[in-house]
$ cat final.pdb   # PDB, C-alpha atoms
ATOM      1  CA  MET A  81      37.258 113.578   6.771
ATOM      2  CA  SER A  82      38.627 116.439   4.683
ATOM      3  CA  ASP A  83      36.891 119.773   4.281
ATOM      4  CA  TRP A  84      38.411 119.987   0.794
ATOM      5  CA  GLU A  85      35.930 118.640  -1.764
ATOM      6  CA  VAL A  86      37.237 117.951  -5.276
ATOM      7  CA  LEU A  87      34.486 119.145  -7.634
ATOM      8  CA  GLU A  88      36.307 118.358 -10.871
ATOM      9  CA  SER A  89      39.618 116.822 -11.889
ATOM     10  CA  THR A  90      40.866 117.772 -15.351
ATOM     11  CA  VAL A  91      43.853 116.455 -17.306
ATOM     12  CA  GLU A  92      45.101 119.194 -19.639
ATOM     13  CA  TYR A  93      48.102 117.415 -21.176
ATOM     14  CA  GLU A  94      49.910 114.114 -21.146
ATOM     15  CA  THR A  95      53.468 113.334 -22.140
ATOM     16  CA  GLY A  96      55.606 110.239 -21.905
ATOM     17  CA  TRP A  97      57.085 111.619 -18.674
ATOM     18  CA  TYR A  98      54.202 113.221 -16.833
ATOM     19  CA  THR A  99      50.544 114.212 -16.827
ATOM     20  CA  GLY A 100      49.409 117.731 -15.988
ATOM     21  CA  GLY A 101      46.111 119.223 -15.011
ATOM     22  CA  TYR A 102      44.115 120.715 -12.172
ATOM     23  CA  ASP A 103      41.534 119.928  -9.555
ATOM     24  CA  LEU A 104      38.675 122.342  -8.975
ATOM     25  CA  VAL A 105      38.365 122.271  -5.186
ATOM     26  CA  ARG A 106      35.793 123.635  -2.751
ATOM     27  CA  GLN A 107      37.892 125.096   0.052
ATOM     28  CA  PRO A 108      36.859 124.985   3.732
ATOM     29  CA  ASP A 109      35.397 128.521   3.514
ATOM     30  CA  GLY A 110      33.117 127.483   0.614
ATOM     31  CA  THR A 111      35.079 129.229  -2.159
ATOM     32  CA  GLU A 112      36.280 127.328  -5.209
ATOM     33  CA  LYS A 113      39.790 127.329  -6.644
ATOM     34  CA  ARG A 114      41.788 125.455  -9.287
ATOM     35  CA  TYR A 115      44.881 123.700  -7.943
ATOM     36  CA  TYR A 116      47.283 122.782 -10.749
ATOM     37  CA  TRP A 117      49.431 119.674 -10.579
ATOM     38  CA  ALA A 118      51.864 117.541 -12.533
ATOM     39  CA  GLU A 119      51.825 113.796 -11.941
ATOM     40  CA  LEU A 120      55.017 111.796 -12.380
ATOM     41  CA  PRO A 121      55.573 108.097 -11.820
ATOM     42  CA  PRO A 122      57.366 107.101  -8.610
ATOM     43  CA  ALA A 123      61.165 107.145  -8.666
ATOM     44  CA  ALA A 124      63.905 105.283  -6.818
ATOM     45  CA  ILE A 125      67.048 107.133  -5.750
ATOM     46  CA  VAL A 126      69.982 104.803  -5.035
ATOM     47  CA  VAL A 127      72.785 105.367  -2.534
ATOM     48  CA  PRO A 128      75.283 102.734  -3.737
ATOM     49  CA  ILE A 129      78.024 102.061  -1.182
ATOM     50  CA  LYS A 130      81.031  99.960  -2.144
ATOM     51  CA  ASP A 131      84.306  98.974  -0.550
ATOM     52  CA  GLY A 132      87.121 101.113  -1.953
ATOM     53  CA  ALA A 133      90.888 100.648  -1.759
ATOM     54  CA  SER A 134      91.221 102.389   1.604
ATOM     55  CA  GLU A 135      87.659 103.304   2.625
ATOM     56  CA  ARG A 136      84.071 102.911   1.555
ATOM     57  CA  GLU A 137      82.884 104.865  -1.477
ATOM     58  CA  VAL A 138      79.585 106.065  -2.883
ATOM     59  CA  VAL A 139      78.934 105.510  -6.586
ATOM     60  CA  PHE A 140      77.603 108.487  -8.549
ATOM     61  CA  VAL A 141      76.696 109.185 -12.157
ATOM     62  CA  GLU A 142      77.610 112.348 -13.978
ATOM     63  CA  GLN A 143      75.113 113.537 -16.555
ATOM     64  CA  TYR A 144      73.842 116.581 -18.387
ATOM     65  CA  ARG A 145      70.339 117.725 -17.409
ATOM     66  CA  PRO A 146      68.760 119.538 -20.386
ATOM     67  CA  ALA A 147      65.858 120.894 -18.289
ATOM     68  CA  VAL A 148      68.278 123.146 -16.384
ATOM     69  CA  GLY A 149      71.158 123.192 -18.869
ATOM     70  CA  ASP A 150      73.919 121.892 -16.627
ATOM     71  CA  GLN A 151      76.099 118.864 -15.819
ATOM     72  CA  PHE A 152      75.336 117.152 -12.482
ATOM     73  CA  VAL A 153      77.045 114.590 -10.280
ATOM     74  CA  GLU A 154      74.096 112.630  -8.893
ATOM     75  CA  LEU A 155      73.076 109.423  -7.263
ATOM     76  CA  PRO A 156      71.748 106.847  -9.745
ATOM     77  CA  ALA A 157      67.977 107.060 -10.048
ATOM     78  CA  GLY A 158      65.042 106.140 -12.188
ATOM     79  CA  ILE A 159      61.369 105.408 -12.579
ATOM     80  CA  VAL A 160      59.697 102.562 -10.715
ATOM     81  CA  GLU A 161      58.133 100.350 -13.378
ATOM     82  CA  ASP A 162      54.791  98.585 -12.936
ATOM     83  CA  GLY A 163      55.078  95.731 -10.461
ATOM     84  CA  GLU A 164      58.435  96.870  -9.058
ATOM     85  CA  SER A 165      59.182  97.871  -5.494
ATOM     86  CA  PHE A 166      61.439 100.859  -4.852
ATOM     87  CA  ALA A 167      64.276  98.429  -3.995
ATOM     88  CA  ASP A 168      63.728  96.432  -7.215
ATOM     89  CA  ALA A 169      63.716  99.606  -9.307
ATOM     90  CA  GLY A 170      66.796 100.896  -7.494
ATOM     91  CA  THR A 171      68.814  97.743  -8.158
ATOM     92  CA  ARG A 172      67.736  97.729 -11.810
ATOM     93  CA  GLU A 173      68.637 101.397 -12.285
ATOM     94  CA  LEU A 174      71.977 100.900 -10.524
ATOM     95  CA  ARG A 175      72.809  98.026 -12.875
ATOM     96  CA  GLU A 176      71.673  99.912 -15.989
ATOM     97  CA  GLU A 177      73.434 103.169 -15.137
ATOM     98  CA  THR A 178      76.658 101.975 -13.477
ATOM     99  CA  GLY A 179      76.983  98.231 -14.091
ATOM    100  CA  PHE A 180      77.073  97.510 -10.362
ATOM    101  CA  ARG A 181      74.917  94.698  -8.997
ATOM    102  CA  ALA A 182      73.675  95.118  -5.437
ATOM    103  CA  GLY A 183      73.864  92.146  -3.080
ATOM    104  CA  VAL A 184      71.599  93.985  -0.650
ATOM    105  CA  ALA A 185      69.098  96.760  -1.427
ATOM    106  CA  THR A 186      67.108  98.374   1.373
ATOM    107  CA  THR A 187      64.432 101.040   0.978
ATOM    108  CA  ILE A 188      65.100 103.391   3.886
ATOM    109  CA  GLN A 189      62.454 106.057   3.167
ATOM    110  CA  THR A 190      59.554 106.853   0.855
ATOM    111  CA  PHE A 191      57.984 110.307   0.624
ATOM    112  CA  TRP A 192      55.985 112.734  -1.492
ATOM    113  CA  VAL A 193      57.961 115.386  -3.410
ATOM    114  CA  ALA A 194      57.046 119.091  -3.855
ATOM    115  CA  THR A 195      53.477 118.556  -2.621
ATOM    116  CA  GLY A 196      52.383 122.058  -3.612
ATOM    117  CA  VAL A 197      52.509 121.146  -7.304
ATOM    118  CA  LEU A 198      53.610 117.524  -7.834
ATOM    119  CA  ARG A 199      52.001 114.142  -7.458
ATOM    120  CA  HIS A 200      55.273 112.262  -7.206
ATOM    121  CA  ARG A 201      56.690 109.754  -4.726
ATOM    122  CA  ARG A 202      60.342 108.910  -4.168
ATOM    123  CA  GLY A 203      62.003 106.041  -2.430
ATOM    124  CA  ILE A 204      65.562 106.170  -1.158
ATOM    125  CA  VAL A 205      67.313 102.818  -1.588
ATOM    126  CA  VAL A 206      70.680 101.985  -0.030
ATOM    127  CA  ALA A 207      72.570  99.397  -2.101
ATOM    128  CA  THR A 208      75.514  97.494  -0.615
ATOM    129  CA  ASP A 209      77.621  94.410  -1.367
ATOM    130  CA  LEU A 210      78.222  95.772  -4.860
ATOM    131  CA  GLU A 211      79.736  93.678  -7.633
ATOM    132  CA  PRO A 212      80.875  95.273 -10.908
ATOM    133  CA  GLY A 213      79.334  94.161 -14.179
ATOM    134  CA  PRO A 214      78.545  95.474 -17.650
ATOM    135  CA  ILE A 215      76.701  98.770 -17.943
ATOM    136  CA  GLU A 216      73.268  98.554 -19.598
ATOM    137  CA  HIS A 217      72.435 102.199 -20.405
ATOM    138  CA  ASP A 218      69.063 102.991 -21.887
ATOM    139  CA  GLY A 219      69.286 104.534 -25.362
ATOM    140  CA  ASN A 220      68.820 108.070 -24.020
ATOM    141  CA  GLU A 221      71.333 107.826 -21.161
ATOM    142  CA  PHE A 222      74.720 109.456 -21.567
ATOM    143  CA  LEU A 223      76.268 108.842 -18.154
ATOM    144  CA  THR A 224      79.716 108.580 -16.653
ATOM    145  CA  THR A 225      80.205 106.595 -13.441
ATOM    146  CA  THR A 226      82.324 108.137 -10.710
ATOM    147  CA  THR A 227      82.915 107.490  -7.006
ATOM    148  CA  ARG A 228      83.603 109.585  -3.927
ATOM    149  CA  SER A 229      84.830 108.378  -0.553
ATOM    150  CA  VAL A 230      82.253 108.576   2.221
ATOM    151  CA  THR A 231      84.329 111.405   3.706
ATOM    152  CA  GLU A 232      83.906 113.417   0.469
ATOM    153  CA  VAL A 233      80.262 112.792  -0.445
ATOM    154  CA  PHE A 234      78.728 115.848   1.185
ATOM    155  CA  GLU A 235      81.333 118.200  -0.228
ATOM    156  CA  ALA A 236      80.717 116.697  -3.667
ATOM    157  CA  ALA A 237      76.932 116.835  -3.240
ATOM    158  CA  ARG A 238      77.047 120.504  -2.206
ATOM    159  CA  THR A 239      79.248 121.600  -5.095
ATOM    160  CA  PRO A 240      76.998 123.410  -7.602
ATOM    161  CA  PRO A 241      75.024 122.460  -9.469
ATOM    162  CA  VAL A 242      73.195 120.525  -6.762
ATOM    163  CA  SER A 243      70.259 118.122  -7.124
ATOM    164  CA  ASP A 244      67.563 117.610  -4.519
ATOM    165  CA  ALA A 245      67.438 113.822  -4.929
ATOM    166  CA  THR A 246      71.168 113.461  -4.282
ATOM    167  CA  LEU A 247      71.030 115.588  -1.136
ATOM    168  CA  GLU A 248      67.934 113.744   0.123
ATOM    169  CA  GLY A 249      69.484 110.345  -0.482
ATOM    170  CA  LEU A 250      72.782 111.173   1.193
ATOM    171  CA  LEU A 251      71.180 112.867   4.195
ATOM    172  CA  LEU A 252      68.812 109.970   4.843
ATOM    173  CA  ALA A 253      71.562 107.370   4.367
ATOM    174  CA  ALA A 254      73.816 109.293   6.753
ATOM    175  CA  ALA A 255      71.026 109.637   9.316
ATOM    176  CA  ASP A 256      70.601 105.848   9.256
ATOM    177  CA  GLY A 257      74.367 105.310   9.774
ATOM    178  CA  TYR A 258      75.260 104.072   6.278
ATOM    179  CA  LEU A 259      77.830 106.801   5.589
ATOM    180  CA  GLU A 260      79.906 106.642   8.738
ATOM    181  CA  GLU A 261      83.624 106.990   8.112
ATOM    182  CA  GLY A 262      85.804 103.960   8.438
ATOM    183  CA  ASP A 263      88.116 101.611   6.666
ATOM    184  CA  ALA A 264      86.888  99.335   3.924
TER     185      ALA A 264
END

$ encode --input "final.pdb" --output "structure tokens"
Amino acid sequence: MSDWEVLESTVEYETGWYTGGYDLVRQPDGTEKRYYWAELPPAAIVVPIKDGASEREVVFVEQYRPAVGDQFVELPAGIVEDGESFADAGTRELREETGFRAGVATTIQTFWVATGVLRHRRGIVVATDLEPGPIEHDGNEFLTTTTRSVTEVFEAARTPPVSDATLEGLLLAAADGYLEEGDA
């Protein structure tokens, strides 16, 4: 049982991307405080691994991020739609953003993001047995597909600008043995 009683939960604004507001909370010492939050739908981050000419490669997308005003090389990602699992959303986003179809998609981790201010869950999905196909970009996606060998992914992911989702996805995939070096 929590000593943190929510006295009031208030939504102050809603957009197509997120909802924002605060909870008025009675803290364990009896004082009251507003804790502000933004709620976003869950998102799937995809680590797509394909056989390259000489070694395995990871598929990335390059895109401009207006919120921070810079061009990023990132793992494909997107919102989990109603009724989808993280793996289902990941395979759909991979297909839409890169054209690749995953033969196998495995959710290797789910977690809460930036818990001090966000109500947002992420799932990391490793996609393998990739087959190329037509790209199905959404109307607001201006992406370029690129690949890096598994030996180059961390150097690429650490070259500024850097995104948290890409680092998280690569680190978790590597920890589970998906990014070990070797021939295709």

$ resolve_selection --input "final.pdb" --expression "the PyMOL selection byres ((chain A and resi 203) around 8)" --output "VMD selection string"
chain A and resid 122 to 125 166 187 to 191 201 to 202 204 to 205

$ closest_residue --input "final.pdb" --among "A:Tyr115, A:Phe152, A:Trp84, A:Phe180" --to "Gly213 (chain A)" --atoms "only C-alpha atoms"
A:Phe180

$ residues_around --input "final.pdb" --residues "Leu251 (chain A)" --least-positions-apart "2" --cutoff "12 Å" --atoms "all atoms listed in the file" --output "number ranges by chain"
A: 127, 188-189, 204, 206, 233-234, 237-238, 244-249, 253-260

$ closest_residue --input "final.pdb" --among "A:Pro241, A:Gly196, A:Gly183, A:Pro128" --to "Arg228 (chain A)" --atoms "all atoms listed in the file"
A:Pro128

$ closest_residue --input "final.pdb" --among "A:Asp131, A:Asp83, A:Val126, A:Ala194" --to "Asp168 (chain A)" --atoms "all atoms listed in the file"
A:Val126

$ residues_around --input "final.pdb" --residues "Glu221 (chain A)" --least-positions-apart "4" --cutoff "9 Å" --atoms "all atoms listed in the file" --output "PyMOL selection string"
chain A and resi 143+177+217

$ resolve_selection --input "final.pdb" --expression "the PyMOL selection byres ((chain A and resi 211) around 6)" --output "PyMOL selection string"
chain A and resi 180-181+210+212

$ atom_distance --input "final.pdb" --atom1 "CA of Tyr116 (chain A)" --atom2 "CA of Ala157 (chain A)"
26.0 Å

$ decode --input "final.pdb" --residues "region 115-176 of chain A" --atoms "C-alpha atoms" --output "short mmCIF file (atom, residue, chain, number, x, y, z; two decimals), in the first residue's frame"
data_model
loop_
_atom_site.label_atom_id
_atom_site.label_comp_id
_atom_site.auth_asym_id
_atom_site.auth_seq_id
_atom_site.Cartn_x
_atom_site.Cartn_y
_atom_site.Cartn_z
CA TYR A 115 3.17 16.56 -9.63
CA TYR A 116 3.01 17.48 -13.32
CA TRP A 117 3.05 14.84 -16.03
CA ALA A 118 2.73 14.29 -19.75
CA GLU A 119 1.11 11.07 -20.94
CA LEU A 120 2.14 9.57 -24.27
CA PRO A 121 0.95 6.36 -25.88
CA PRO A 122 3.31 3.38 -25.70
CA ALA A 123 5.99 3.13 -28.38
CA ALA A 124 7.91 0.30 -30.01
CA ILE A 125 11.60 0.75 -30.83
CA VAL A 126 12.86 -1.73 -33.45
CA VAL A 127 16.37 -3.15 -33.74
CA PRO A 128 16.21 -4.58 -37.29
CA ILE A 129 19.08 -6.97 -38.02
CA LYS A 130 19.67 -8.19 -41.56
CA ASP A 131 22.28 -10.24 -43.35
CA GLY A 132 24.65 -7.95 -45.24
CA ALA A 133 27.18 -8.74 -47.97
CA SER A 134 29.96 -9.62 -45.54
CA GLU A 135 28.41 -9.30 -42.07
CA ARG A 136 25.14 -8.60 -40.33
CA GLU A 137 23.78 -5.06 -40.43
CA VAL A 138 21.35 -2.96 -38.43
CA VAL A 139 18.77 -0.93 -40.34
CA PHE A 140 18.35 2.70 -39.30
CA VAL A 141 16.27 5.65 -40.45
CA GLU A 142 17.60 9.15 -40.83
CA GLN A 143 15.15 11.92 -40.07
CA TYR A 144 14.87 15.52 -38.96
CA ARG A 145 13.46 16.04 -35.46
CA PRO A 146 11.77 19.48 -35.32
CA ALA A 147 11.45 19.39 -31.50
CA VAL A 148 15.24 19.66 -31.17
CA GLY A 149 16.06 21.06 -34.60
CA ASP A 150 18.47 18.40 -35.79
CA GLN A 151 18.89 15.40 -38.12
CA PHE A 152 19.15 12.00 -36.37
CA VAL A 153 20.17 8.49 -37.36
CA GLU A 154 17.78 6.36 -35.31
CA LEU A 155 16.26 2.96 -34.99
CA PRO A 156 12.79 2.72 -36.56
CA ALA A 157 10.08 3.40 -34.00
CA GLY A 158 6.48 4.33 -33.55
CA ILE A 159 3.32 4.34 -31.51
CA VAL A 160 1.63 1.11 -30.44
CA GLU A 161 -1.91 1.29 -31.80
CA ASP A 162 -4.94 -0.05 -29.94
CA GLY A 163 -4.94 -3.84 -29.90
CA GLU A 164 -1.30 -4.17 -30.97
CA SER A 165 1.50 -5.78 -29.02
CA PHE A 166 4.92 -4.12 -28.99
CA ALA A 167 6.13 -6.75 -31.50
CA ASP A 168 3.14 -6.13 -33.80
CA ALA A 169 3.69 -2.37 -33.68
CA GLY A 170 7.42 -2.83 -34.26
CA THR A 171 6.93 -4.95 -37.37
CA ARG A 172 4.34 -2.51 -38.73
CA GLU A 173 6.59 0.50 -38.11
CA LEU A 174 9.58 -1.29 -39.65
CA ARG A 175 7.55 -2.02 -42.79
CA GLU A 176 6.15 1.52 -43.00
#
